[in-house]
$ cat coords-v9.cif   # mmCIF, C-alpha atoms and all ligand atoms
data_my_file
loop_
_atom_site.group_PDB
_atom_site.id
_atom_site.type_symbol
_atom_site.label_atom_id
_atom_site.label_comp_id
_atom_site.auth_asym_id
_atom_site.auth_seq_id
_atom_site.Cartn_x
_atom_site.Cartn_y
_atom_site.Cartn_z
ATOM 1 C CA MET A 1 131.732 14.165 31.015
ATOM 2 C CA PHE A 2 128.893 16.584 30.222
ATOM 3 C CA LYS A 3 129.667 19.905 28.590
ATOM 4 C CA LYS A 4 128.154 22.759 30.544
ATOM 5 C CA ILE A 5 126.229 25.661 29.064
ATOM 6 C CA LEU A 6 124.628 28.531 30.954
ATOM 7 C CA VAL A 7 121.110 29.328 29.778
ATOM 8 C CA ALA A 8 121.062 32.910 30.983
ATOM 9 C CA THR A 9 117.369 33.593 31.473
ATOM 10 C CA THR A 10 115.223 34.596 34.416
ATOM 11 C CA ASN A 11 112.239 32.984 32.710
ATOM 12 C CA PHE A 12 111.602 29.436 33.944
ATOM 13 C CA GLY A 13 109.389 28.598 30.958
ATOM 14 C CA LYS A 14 112.173 29.462 28.522
ATOM 15 C CA LEU A 15 114.693 27.456 30.549
ATOM 16 C CA GLU A 16 112.576 24.295 30.291
ATOM 17 C CA GLU A 17 112.351 24.677 26.514
ATOM 18 C CA TYR A 18 116.139 25.103 26.171
ATOM 19 C CA LYS A 19 116.806 22.043 28.321
ATOM 20 C CA LYS A 20 114.924 19.749 25.978
ATOM 21 C CA PHE A 21 117.107 20.757 23.020
ATOM 22 C CA LEU A 22 120.491 21.060 24.691
ATOM 23 C CA GLU A 23 120.363 18.003 26.929
ATOM 24 C CA LEU A 24 119.566 15.902 23.891
ATOM 25 C CA ILE A 25 122.962 16.780 22.387
ATOM 26 C CA GLY A 26 124.919 16.113 25.563
ATOM 27 C CA PHE A 27 124.939 19.447 27.379
ATOM 28 C CA GLU A 28 124.416 19.946 31.070
ATOM 29 C CA VAL A 29 122.186 23.001 31.200
ATOM 30 C CA VAL A 30 123.111 25.353 34.013
ATOM 31 C CA SER A 31 120.735 28.103 35.130
ATOM 32 C CA LEU A 32 121.511 31.544 36.545
ATOM 33 C CA LYS A 33 120.466 30.187 39.920
ATOM 34 C CA ASP A 34 122.828 27.187 39.611
ATOM 35 C CA GLU A 35 125.671 29.617 38.917
ATOM 36 C CA GLN A 36 124.514 31.803 41.826
ATOM 37 C CA ILE A 37 124.067 34.770 39.531
ATOM 38 C CA ASN A 38 121.483 36.945 41.202
ATOM 39 C CA GLU A 39 121.878 40.005 38.992
ATOM 40 C CA GLU A 40 119.316 40.562 36.236
ATOM 41 C CA ALA A 41 120.446 41.976 32.897
ATOM 42 C CA PRO A 42 118.816 45.293 31.965
ATOM 43 C CA GLU A 43 116.903 45.209 28.661
ATOM 44 C CA ASN A 44 119.072 47.646 26.700
ATOM 45 C CA GLY A 45 118.687 48.088 22.963
ATOM 46 C CA ASN A 46 116.319 48.857 20.097
ATOM 47 C CA SER A 47 115.985 45.388 18.585
ATOM 48 C CA TYR A 48 115.726 41.786 19.756
ATOM 49 C CA THR A 49 119.308 41.240 18.571
ATOM 50 C CA GLU A 50 120.752 44.239 20.386
ATOM 51 C CA ILE A 51 118.935 43.352 23.600
ATOM 52 C CA ALA A 52 119.918 39.669 23.420
ATOM 53 C CA GLU A 53 123.565 40.588 22.759
ATOM 54 C CA ASN A 54 123.573 42.965 25.703
ATOM 55 C CA LYS A 55 122.037 40.313 27.967
ATOM 56 C CA ALA A 56 124.727 37.810 26.878
ATOM 57 C CA LYS A 57 127.549 40.293 27.507
ATOM 58 C CA PHE A 58 126.065 41.230 30.870
ATOM 59 C CA TYR A 59 125.887 37.638 32.150
ATOM 60 C CA SER A 60 129.353 36.769 30.761
ATOM 61 C CA LYS A 61 130.807 39.047 33.442
ATOM 62 C CA TYR A 62 129.708 36.502 36.040
ATOM 63 C CA THR A 63 130.786 33.191 34.457
ATOM 64 C CA HIS A 64 133.414 31.523 32.307
ATOM 65 C CA LEU A 65 130.923 29.037 30.889
ATOM 66 C CA PRO A 66 129.697 29.290 27.305
ATOM 67 C CA LEU A 67 126.258 30.841 27.497
ATOM 68 C CA VAL A 68 123.102 31.647 25.612
ATOM 69 C CA ALA A 69 120.811 34.630 26.172
ATOM 70 C CA GLU A 70 117.608 35.442 24.348
ATOM 71 C CA ASP A 71 115.257 38.264 23.602
ATOM 72 C CA SER A 72 111.831 37.465 22.270
ATOM 73 C CA GLY A 73 108.425 39.036 21.853
ATOM 74 C CA LEU A 74 104.970 38.997 20.382
ATOM 75 C CA GLU A 75 104.083 41.389 17.544
ATOM 76 C CA ILE A 76 100.431 42.061 16.794
ATOM 77 C CA PHE A 77 99.773 43.248 13.250
ATOM 78 C CA SER A 78 96.799 45.514 13.970
ATOM 79 C CA LEU A 79 98.750 47.160 16.812
ATOM 80 C CA LYS A 80 101.672 47.930 14.472
ATOM 81 C CA GLY A 81 103.936 45.299 16.054
ATOM 82 C CA PHE A 82 103.075 46.099 19.665
ATOM 83 C CA PRO A 83 104.211 44.935 22.253
ATOM 84 C CA GLY A 84 107.302 43.638 20.349
ATOM 85 C CA ILE A 85 110.596 44.168 22.141
ATOM 86 C CA ASN A 86 108.628 45.465 25.115
ATOM 87 C CA SER A 87 106.591 42.252 25.482
ATOM 88 C CA ASN A 88 107.805 41.648 29.009
ATOM 89 C CA ARG A 89 107.617 45.213 30.275
ATOM 90 C CA TRP A 90 104.870 47.184 28.520
ATOM 91 C CA MET A 91 102.737 46.815 31.645
ATOM 92 C CA GLY A 92 103.243 45.494 35.168
ATOM 93 C CA GLY A 93 101.185 42.660 36.569
ATOM 94 C CA THR A 94 100.884 38.963 35.917
ATOM 95 C CA ASP A 95 100.878 37.083 32.625
ATOM 96 C CA VAL A 96 97.098 36.617 33.045
ATOM 97 C CA GLU A 97 96.634 40.378 33.357
ATOM 98 C CA LYS A 98 98.853 41.109 30.360
ATOM 99 C CA ASN A 99 96.952 38.596 28.245
ATOM 100 C CA GLN A 100 93.647 40.139 29.247
ATOM 101 C CA ALA A 101 94.927 43.643 28.515
ATOM 102 C CA LEU A 102 95.956 42.595 24.993
ATOM 103 C CA LEU A 103 92.585 40.915 24.418
ATOM 104 C CA ASN A 104 90.883 44.141 25.519
ATOM 105 C CA LYS A 105 92.925 46.138 23.009
ATOM 106 C CA LEU A 106 91.734 43.767 20.255
ATOM 107 C CA ARG A 107 88.095 43.668 21.388
ATOM 108 C CA ASN A 108 86.721 45.157 18.192
ATOM 109 C CA THR A 109 89.438 43.987 15.839
ATOM 110 C CA THR A 110 88.901 41.368 13.170
ATOM 111 C CA ASP A 111 92.544 41.278 12.012
ATOM 112 C CA ARG A 112 94.072 39.085 14.719
ATOM 113 C CA ARG A 113 97.345 38.182 13.001
ATOM 114 C CA ALA A 114 100.465 38.078 15.141
ATOM 115 C CA VAL A 115 104.011 36.767 15.075
ATOM 116 C CA PHE A 116 106.265 35.500 17.831
ATOM 117 C CA LYS A 117 109.973 36.233 17.344
ATOM 118 C CA ALA A 118 113.051 35.023 19.187
ATOM 119 C CA VAL A 119 116.727 35.886 18.879
ATOM 120 C CA ILE A 120 119.210 33.663 20.686
ATOM 121 C CA VAL A 121 122.779 34.807 21.185
ATOM 122 C CA TYR A 122 125.508 32.251 21.903
ATOM 123 C CA LEU A 123 128.601 33.696 23.563
ATOM 124 C CA HIS A 124 131.762 31.649 23.858
ATOM 125 C CA LYS A 125 135.330 32.915 24.203
ATOM 126 C CA LYS A 126 134.238 36.447 23.318
ATOM 127 C CA SER A 127 132.610 35.397 20.053
ATOM 128 C CA LEU A 128 128.902 36.134 19.613
ATOM 129 C CA VAL A 129 126.715 34.107 17.243
ATOM 130 C CA ARG A 130 123.034 34.821 16.595
ATOM 131 C CA PHE A 131 120.136 32.489 15.775
ATOM 132 C CA GLU A 132 116.642 33.666 14.893
ATOM 133 C CA GLY A 133 113.222 32.081 14.769
ATOM 134 C CA GLU A 134 109.635 33.156 14.246
ATOM 135 C CA LEU A 135 106.149 31.724 14.102
ATOM 136 C CA TYR A 136 103.066 33.342 12.595
ATOM 137 C CA GLY A 137 99.683 32.825 14.211
ATOM 138 C CA GLU A 138 96.721 34.734 15.587
ATOM 139 C CA ILE A 139 95.507 36.185 18.857
ATOM 140 C CA SER A 140 92.625 34.086 20.156
ATOM 141 C CA LYS A 141 89.314 35.605 21.297
ATOM 142 C CA LYS A 142 89.877 34.378 24.872
ATOM 143 C CA PRO A 143 92.672 32.620 26.810
ATOM 144 C CA GLN A 144 92.740 28.866 26.209
ATOM 145 C CA GLY A 145 94.904 26.161 27.781
ATOM 146 C CA SER A 146 97.028 26.004 30.870
ATOM 147 C CA MET A 147 100.485 24.914 29.718
ATOM 148 C CA GLY A 148 103.521 27.029 28.914
ATOM 149 C CA PHE A 149 103.972 30.631 30.044
ATOM 150 C CA GLY A 150 103.505 34.261 29.080
ATOM 151 C CA TYR A 151 101.298 34.814 26.039
ATOM 152 C CA ASP A 152 100.887 31.100 25.308
ATOM 153 C CA PRO A 153 97.142 31.018 26.216
ATOM 154 C CA ILE A 154 96.281 33.704 23.630
ATOM 155 C CA PHE A 155 98.607 32.660 20.786
ATOM 156 C CA TYR A 156 96.489 30.569 18.448
ATOM 157 C CA ILE A 157 97.919 28.363 15.685
ATOM 158 C CA PRO A 158 95.209 27.960 13.011
ATOM 159 C CA SER A 159 96.719 24.805 11.444
ATOM 160 C CA LEU A 160 96.478 23.007 14.809
ATOM 161 C CA ASN A 161 93.299 24.727 15.997
ATOM 162 C CA LYS A 162 95.034 25.183 19.357
ATOM 163 C CA THR A 163 96.837 27.835 21.347
ATOM 164 C CA PHE A 164 100.422 27.319 22.501
ATOM 165 C CA ALA A 165 99.033 26.713 26.004
ATOM 166 C CA GLU A 166 97.084 23.717 24.702
ATOM 167 C CA LEU A 167 100.262 22.023 23.469
ATOM 168 C CA ILE A 168 102.527 19.842 25.564
ATOM 169 C CA LEU A 169 106.124 21.015 25.657
ATOM 170 C CA MET A 170 107.218 18.447 23.079
ATOM 171 C CA GLU A 171 104.613 19.765 20.611
ATOM 172 C CA LYS A 172 105.442 23.434 21.240
ATOM 173 C CA ASN A 173 109.124 22.587 20.807
ATOM 174 C CA LYS A 174 108.461 21.348 17.282
ATOM 175 C CA ILE A 175 107.015 24.576 15.944
ATOM 176 C CA SER A 176 107.648 27.598 18.144
ATOM 177 C CA HIS A 177 109.719 30.682 17.308
ATOM 178 C CA ARG A 178 112.189 29.581 19.997
ATOM 179 C CA ALA A 179 112.284 26.034 18.606
ATOM 180 C CA HIS A 180 113.254 27.366 15.172
ATOM 181 C CA ALA A 181 116.092 29.382 16.684
ATOM 182 C CA LEU A 182 117.122 26.484 18.944
ATOM 183 C CA GLN A 183 117.282 24.075 15.981
ATOM 184 C CA LYS A 184 119.791 26.436 14.354
ATOM 185 C CA LEU A 185 121.793 26.709 17.585
ATOM 186 C CA VAL A 186 121.869 22.917 17.931
ATOM 187 C CA SER A 187 123.113 22.494 14.325
ATOM 188 C CA TYR A 188 125.847 25.042 14.993
ATOM 189 C CA LEU A 189 126.972 23.406 18.240
ATOM 190 C CA LYS A 190 127.035 20.009 16.543
ATOM 191 C CA LYS A 191 128.849 21.248 13.445
ATOM 192 C CA TYR A 192 131.654 22.855 15.419
ATOM 193 C CA GLN A 193 131.589 20.172 18.126
ATOM 194 C CA LEU A 194 131.277 22.802 20.838
HETATM 195 P P1 LIG B 1 114.869 36.858 30.177
HETATM 196 O O1 LIG B 1 115.086 38.223 29.577
HETATM 197 O O2 LIG B 1 115.498 36.747 31.536
HETATM 198 O O3 LIG B 1 115.271 35.745 29.255
HETATM 199 P P2 LIG B 1 112.070 37.535 29.947
HETATM 200 O O4 LIG B 1 110.812 36.823 30.319
HETATM 201 O O5 LIG B 1 112.241 38.940 30.444
HETATM 202 O O6 LIG B 1 113.298 36.625 30.429
HETATM 203 P P3 LIG B 1 112.118 38.613 27.291
HETATM 204 O O7 LIG B 1 112.729 39.882 27.751
HETATM 205 O O8 LIG B 1 112.674 37.973 26.049
HETATM 206 O O9 LIG B 1 112.226 37.480 28.409
HETATM 207 O O10 LIG B 1 110.582 38.858 27.177
HETATM 208 C C1 LIG B 1 109.815 38.200 26.254
HETATM 209 C C2 LIG B 1 108.411 38.100 26.768
HETATM 210 O O11 LIG B 1 107.615 37.681 25.656
HETATM 211 C C3 LIG B 1 108.285 36.995 27.835
HETATM 212 O O12 LIG B 1 108.375 37.460 29.139
HETATM 213 C C4 LIG B 1 106.906 36.449 27.531
HETATM 214 O O13 LIG B 1 105.953 37.194 28.205
HETATM 215 C C5 LIG B 1 106.786 36.657 26.029
HETATM 216 N N1 LIG B 1 107.171 35.415 25.342
HETATM 217 C C6 LIG B 1 108.328 35.136 24.666
HETATM 218 N N2 LIG B 1 108.323 33.877 24.210
HETATM 219 C C7 LIG B 1 107.161 33.333 24.600
HETATM 220 C C8 LIG B 1 106.572 32.063 24.461
HETATM 221 O O14 LIG B 1 107.201 31.063 23.872
HETATM 222 N N3 LIG B 1 105.361 31.875 24.996
HETATM 223 C C9 LIG B 1 104.712 32.867 25.618
HETATM 224 N N4 LIG B 1 105.189 34.084 25.818
HETATM 225 C C10 LIG B 1 106.411 34.324 25.317
#
$ encode --input "coords-v9.cif" --output "structure tokens" --more "lines below"
Ligand code: ITT
Amino acid sequence: MFKKILVATTNFGKLEEYKKFLELIGFEVVSLKDEQINEEAPENGNSYTEIAENKAKFYSKYTHLPLVAEDSGLEIFSLKGFPGINSNRWMGGTDVEKNQALLNKLRNTTDRRAVFKAVIVYLHKKSLVRFEGELYGEISKKPQGSMGFGYDPIFYIPSLNKTFAELILMEKNKISHRAHALQKLVSYLKKYQL
């Protein structure tokens, strides 16, 4: 029988990335929709960790399944870490519009360094465990590629000469901030046979 885990995210792109890791080690990944959870956790907190923990606690009110929740974001060096923990809510509009707005902010900037960060919180029987990952890269001059989600078309990885949106999921899942955190989660779940 498969072990069930709730991947408590409203973001379909994230969900797909989690599935690849967790199904490989024998989990049946359940989404918020599968569990008929229609509430959305508020983003409360001053750090990725605090926000991810609060999301996990929020969704645990609606299920008895072990669950994971995540907070992640893109930090741009020349913008002093902006948009960071506000990556999803610093402006309204579509991902395409957000990407364009960031490119506009960097129009005259030569320092294009940026880092993607993710904090995953695993919540099971009231115990919270945290896993972190990050990936350094740059903001491209224009959007490139059509895969992935969010800021993928403008996050450029110099060693690959590609943006995240030019990578297939399997390639992104080898190197991304989320992949680094997910590898740690997978080791933990395997170690404790959860
Ligand atoms: P949940 O809170 O429901 O998980 P969300 O999309 O609101 O979904 P976050 O609050 O963690 O997630 O927001 C992080 C934002 O940062 C996300 O919406 C994307 O726009 C961006 N982001 C995070 N990881 C990304 C990735 O791998 N590729 C592209 N953009 C990413």
$ resolve_selection --input "coords-v9.cif" --expression "the PyMOL selection byres (((chain A and resi 115) around 10) and not hetatm)" --output "list in words"
Gly73, Leu74, Glu75, Ile76, Phe77, Gly81, Gly84, Arg113, Ala114, Phe116, Lys117, Glu134, Leu135, Tyr136, Gly137, Glu138, Ile139, Phe155 and His177 of chain A
$ write_last_selection --input "coords-v9.cif" --atoms "C-alpha atoms" --output "PDB file, in the frame of the given file"
ATOM      1  CA  GLY A  73     108.425  39.036  21.853  1.00  0.00           C
ATOM      2  CA  LEU A  74     104.970  38.997  20.382  1.00  0.00           C
ATOM      3  CA  GLU A  75     104.083  41.389  17.544  1.00  0.00           C
ATOM      4  CA  ILE A  76     100.431  42.061  16.794  1.00  0.00           C
ATOM      5  CA  PHE A  77      99.773  43.248  13.250  1.00  0.00           C
ATOM      6  CA  GLY A  81     103.936  45.299  16.054  1.00  0.00           C
ATOM      7  CA  GLY A  84     107.302  43.638  20.349  1.00  0.00           C
ATOM      8  CA  ARG A 113      97.345  38.182  13.001  1.00  0.00           C
ATOM      9  CA  ALA A 114     100.465  38.078  15.141  1.00  0.00           C
ATOM     10  CA  PHE A 116     106.265  35.500  17.831  1.00  0.00           C
ATOM     11  CA  LYS A 117     109.973  36.233  17.344  1.00  0.00           C
ATOM     12  CA  GLU A 134     109.635  33.156  14.246  1.00  0.00           C
ATOM     13  CA  LEU A 135     106.149  31.724  14.102  1.00  0.00           C
ATOM     14  CA  TYR A 136     103.066  33.342  12.595  1.00  0.00           C
ATOM     15  CA  GLY A 137      99.683  32.825  14.211  1.00  0.00           C
ATOM     16  CA  GLU A 138      96.721  34.734  15.587  1.00  0.00           C
ATOM     17  CA  ILE A 139      95.507  36.185  18.857  1.00  0.00           C
ATOM     18  CA  PHE A 155      98.607  32.660  20.786  1.00  0.00           C
ATOM     19  CA  HIS A 177     109.719  30.682  17.308  1.00  0.00           C
TER      20      HIS A 177
END
$ residues_near_ligand --input "coords-v9.cif" --ligand "ligand LIG 1 (chain B)" --cutoff "6 Å" --atoms "only C-alpha atoms and all ligand atoms" --output "list in words"
Thr9, Thr10, Asn11, Glu70, Asp71, Ser72, Gly73, Ser87, Asn88, Phe149, Gly150, Tyr151 and Asp152 of chain A
$ residues_around --input "coords-v9.cif" --residues "Ser31 (chain A)" --least-positions-apart "6" --cutoff "8 Å" --atoms "all atoms listed in the file" --output "MDAnalysis selection string"
chainID A and resid 6:9 15
$ resolve_selection --input "coords-v9.cif" --expression "the PyMOL selection byres (((chain A and resi 172) around 12) and not hetatm)" --output "PyMOL selection string"
chain A and resi 13-14+16-18+20+135+147-149+152+155-157+160+162-171+173-180
$ write_last_selection --input "coords-v9.cif" --atoms "C-alpha atoms" --output "short mmCIF file (atom, residue, chain, number, x, y, z; two decimals), in the coordinates of the input"
data_model
loop_
_atom_site.label_atom_id
_atom_site.label_comp_id
_atom_site.auth_asym_id
_atom_site.auth_seq_id
_atom_site.Cartn_x
_atom_site.Cartn_y
_atom_site.Cartn_z
CA GLY A 13 109.39 28.60 30.96
CA LYS A 14 112.17 29.46 28.52
CA GLU A 16 112.58 24.30 30.29
CA GLU A 17 112.35 24.68 26.51
CA TYR A 18 116.14 25.10 26.17
CA LYS A 20 114.92 19.75 25.98
CA LEU A 135 106.15 31.72 14.10
CA MET A 147 100.48 24.91 29.72
CA GLY A 148 103.52 27.03 28.91
CA PHE A 149 103.97 30.63 30.04
CA ASP A 152 100.89 31.10 25.31
CA PHE A 155 98.61 32.66 20.79
CA TYR A 156 96.49 30.57 18.45
CA ILE A 157 97.92 28.36 15.68
CA LEU A 160 96.48 23.01 14.81
CA LYS A 162 95.03 25.18 19.36
CA THR A 163 96.84 27.84 21.35
CA PHE A 164 100.42 27.32 22.50
CA ALA A 165 99.03 26.71 26.00
CA GLU A 166 97.08 23.72 24.70
CA LEU A 167 100.26 22.02 23.47
CA ILE A 168 102.53 19.84 25.56
CA LEU A 169 106.12 21.02 25.66
CA MET A 170 107.22 18.45 23.08
CA GLU A 171 104.61 19.76 20.61
CA ASN A 173 109.12 22.59 20.81
CA LYS A 174 108.46 21.35 17.28
CA ILE A 175 107.02 24.58 15.94
CA SER A 176 107.65 27.60 18.14
CA HIS A 177 109.72 30.68 17.31
CA ARG A 178 112.19 29.58 20.00
CA ALA A 179 112.28 26.03 18.61
CA HIS A 180 113.25 27.37 15.17
#
$ closest_residue --input "coords-v9.cif" --among "A:Leu194, A:Leu189, A:Asn99, A:Glu53" --to "Phe21 (chain A)" --atoms "only C-alpha atoms"
A:Leu189
$ resolve_selection --input "coords-v9.cif" --expression "the PyMOL selection byres (((chain A and resi 58-62) around 9) and not hetatm)" --output "MDAnalysis selection string"
chainID A and resid 8 32 35 37 39:42 53:57 63:67 69 123:124 126
$ residues_around --input "coords-v9.cif" --residues "Gln100 (chain A)" --least-positions-apart "2" --cutoff "12 Å" --atoms "all atoms listed in the file" --output "PyMOL selection string"
chain A and resi 91+93-98+102-107+139-144+150-151+153-154
$ build_atoms --input "coords-v9.cif" --residues "region 52-81 of chain A" --atoms "N, CA and C atoms" --output "CSV table (one decimal), in the coordinates of the input"
chain,number,residue,atom,x,y,z
A,52,ALA,N,119.4,41.0,23.1
A,52,ALA,CA,119.9,39.7,23.4
A,52,ALA,C,121.4,39.7,23.6
A,53,GLU,N,122.1,40.5,22.7
A,53,GLU,CA,123.6,40.6,22.8
A,53,GLU,C,124.0,41.2,24.1
A,54,ASN,N,123.2,42.3,24.4
A,54,ASN,CA,123.6,43.0,25.7
A,54,ASN,C,123.3,42.1,26.9
A,55,LYS,N,122.3,41.3,26.9
A,55,LYS,CA,122.0,40.3,28.0
A,55,LYS,C,123.2,39.3,28.0
A,56,ALA,N,123.6,38.8,26.9
A,56,ALA,CA,124.7,37.8,26.9
A,56,ALA,C,126.0,38.4,27.5
A,57,LYS,N,126.3,39.6,27.0
A,57,LYS,CA,127.5,40.3,27.5
A,57,LYS,C,127.4,40.5,29.0
A,58,PHE,N,126.3,41.0,29.4
A,58,PHE,CA,126.1,41.2,30.9
A,58,PHE,C,126.3,40.0,31.7
A,59,TYR,N,125.7,38.8,31.3
A,59,TYR,CA,125.9,37.6,32.2
A,59,TYR,C,127.3,37.0,32.0
A,60,SER,N,128.0,37.3,30.9
A,60,SER,CA,129.4,36.8,30.8
A,60,SER,C,130.3,37.3,31.8
A,61,LYS,N,129.9,38.5,32.4
A,61,LYS,CA,130.8,39.0,33.4
A,61,LYS,C,130.8,38.2,34.7
A,62,TYR,N,129.8,37.3,34.8
A,62,TYR,CA,129.7,36.5,36.0
A,62,TYR,C,130.1,35.0,35.9
A,63,THR,N,130.5,34.6,34.7
A,63,THR,CA,130.8,33.2,34.5
A,63,THR,C,131.8,33.0,33.4
A,64,HIS,N,132.5,31.9,33.4
A,64,HIS,CA,133.4,31.5,32.3
A,64,HIS,C,132.8,30.5,31.4
A,65,LEU,N,131.6,30.1,31.7
A,65,LEU,CA,130.9,29.0,30.9
A,65,LEU,C,130.5,29.6,29.6
A,66,PRO,N,130.4,28.8,28.5
A,66,PRO,CA,129.7,29.3,27.3
A,66,PRO,C,128.2,29.6,27.7
A,67,LEU,N,127.6,30.5,27.1
A,67,LEU,CA,126.3,30.8,27.5
A,67,LEU,C,125.4,31.2,26.3
A,68,VAL,N,124.1,31.1,26.6
A,68,VAL,CA,123.1,31.6,25.6
A,68,VAL,C,122.2,32.6,26.4
A,69,ALA,N,121.8,33.7,25.7
A,69,ALA,CA,120.8,34.6,26.2
A,69,ALA,C,119.8,34.9,25.0
A,70,GLU,N,118.6,35.3,25.4
A,70,GLU,CA,117.6,35.4,24.3
A,70,GLU,C,116.8,36.7,24.6
A,71,ASP,N,116.3,37.3,23.5
A,71,ASP,CA,115.3,38.3,23.6
A,71,ASP,C,114.2,37.8,22.6
A,72,SER,N,112.9,37.9,23.1
A,72,SER,CA,111.8,37.5,22.3
A,72,SER,C,110.6,38.4,22.5
A,73,GLY,N,109.6,38.2,21.7
A,73,GLY,CA,108.4,39.0,21.9
A,73,GLY,C,107.3,38.7,20.9
A,74,LEU,N,106.2,39.2,21.2
A,74,LEU,CA,105.0,39.0,20.4
A,74,LEU,C,104.6,40.3,19.7
A,75,GLU,N,104.4,40.2,18.3
A,75,GLU,CA,104.1,41.4,17.5
A,75,GLU,C,102.7,41.2,17.0
A,76,ILE,N,101.8,42.1,17.3
A,76,ILE,CA,100.4,42.1,16.8
A,76,ILE,C,100.2,43.0,15.6
A,77,PHE,N,99.8,42.5,14.5
A,77,PHE,CA,99.8,43.2,13.2
A,77,PHE,C,98.9,44.5,13.4
A,78,SER,N,97.7,44.4,13.9
A,78,SER,CA,96.8,45.5,14.0
A,78,SER,C,97.2,46.6,15.0
A,79,LEU,N,98.2,46.2,15.8
A,79,LEU,CA,98.8,47.2,16.8
A,79,LEU,C,100.1,47.6,16.4
A,80,LYS,N,100.4,47.5,15.1
A,80,LYS,CA,101.7,47.9,14.5
A,80,LYS,C,102.9,47.3,15.2
A,81,GLY,N,102.8,46.0,15.5
A,81,GLY,CA,103.9,45.3,16.1
A,81,GLY,C,104.0,45.3,17.6
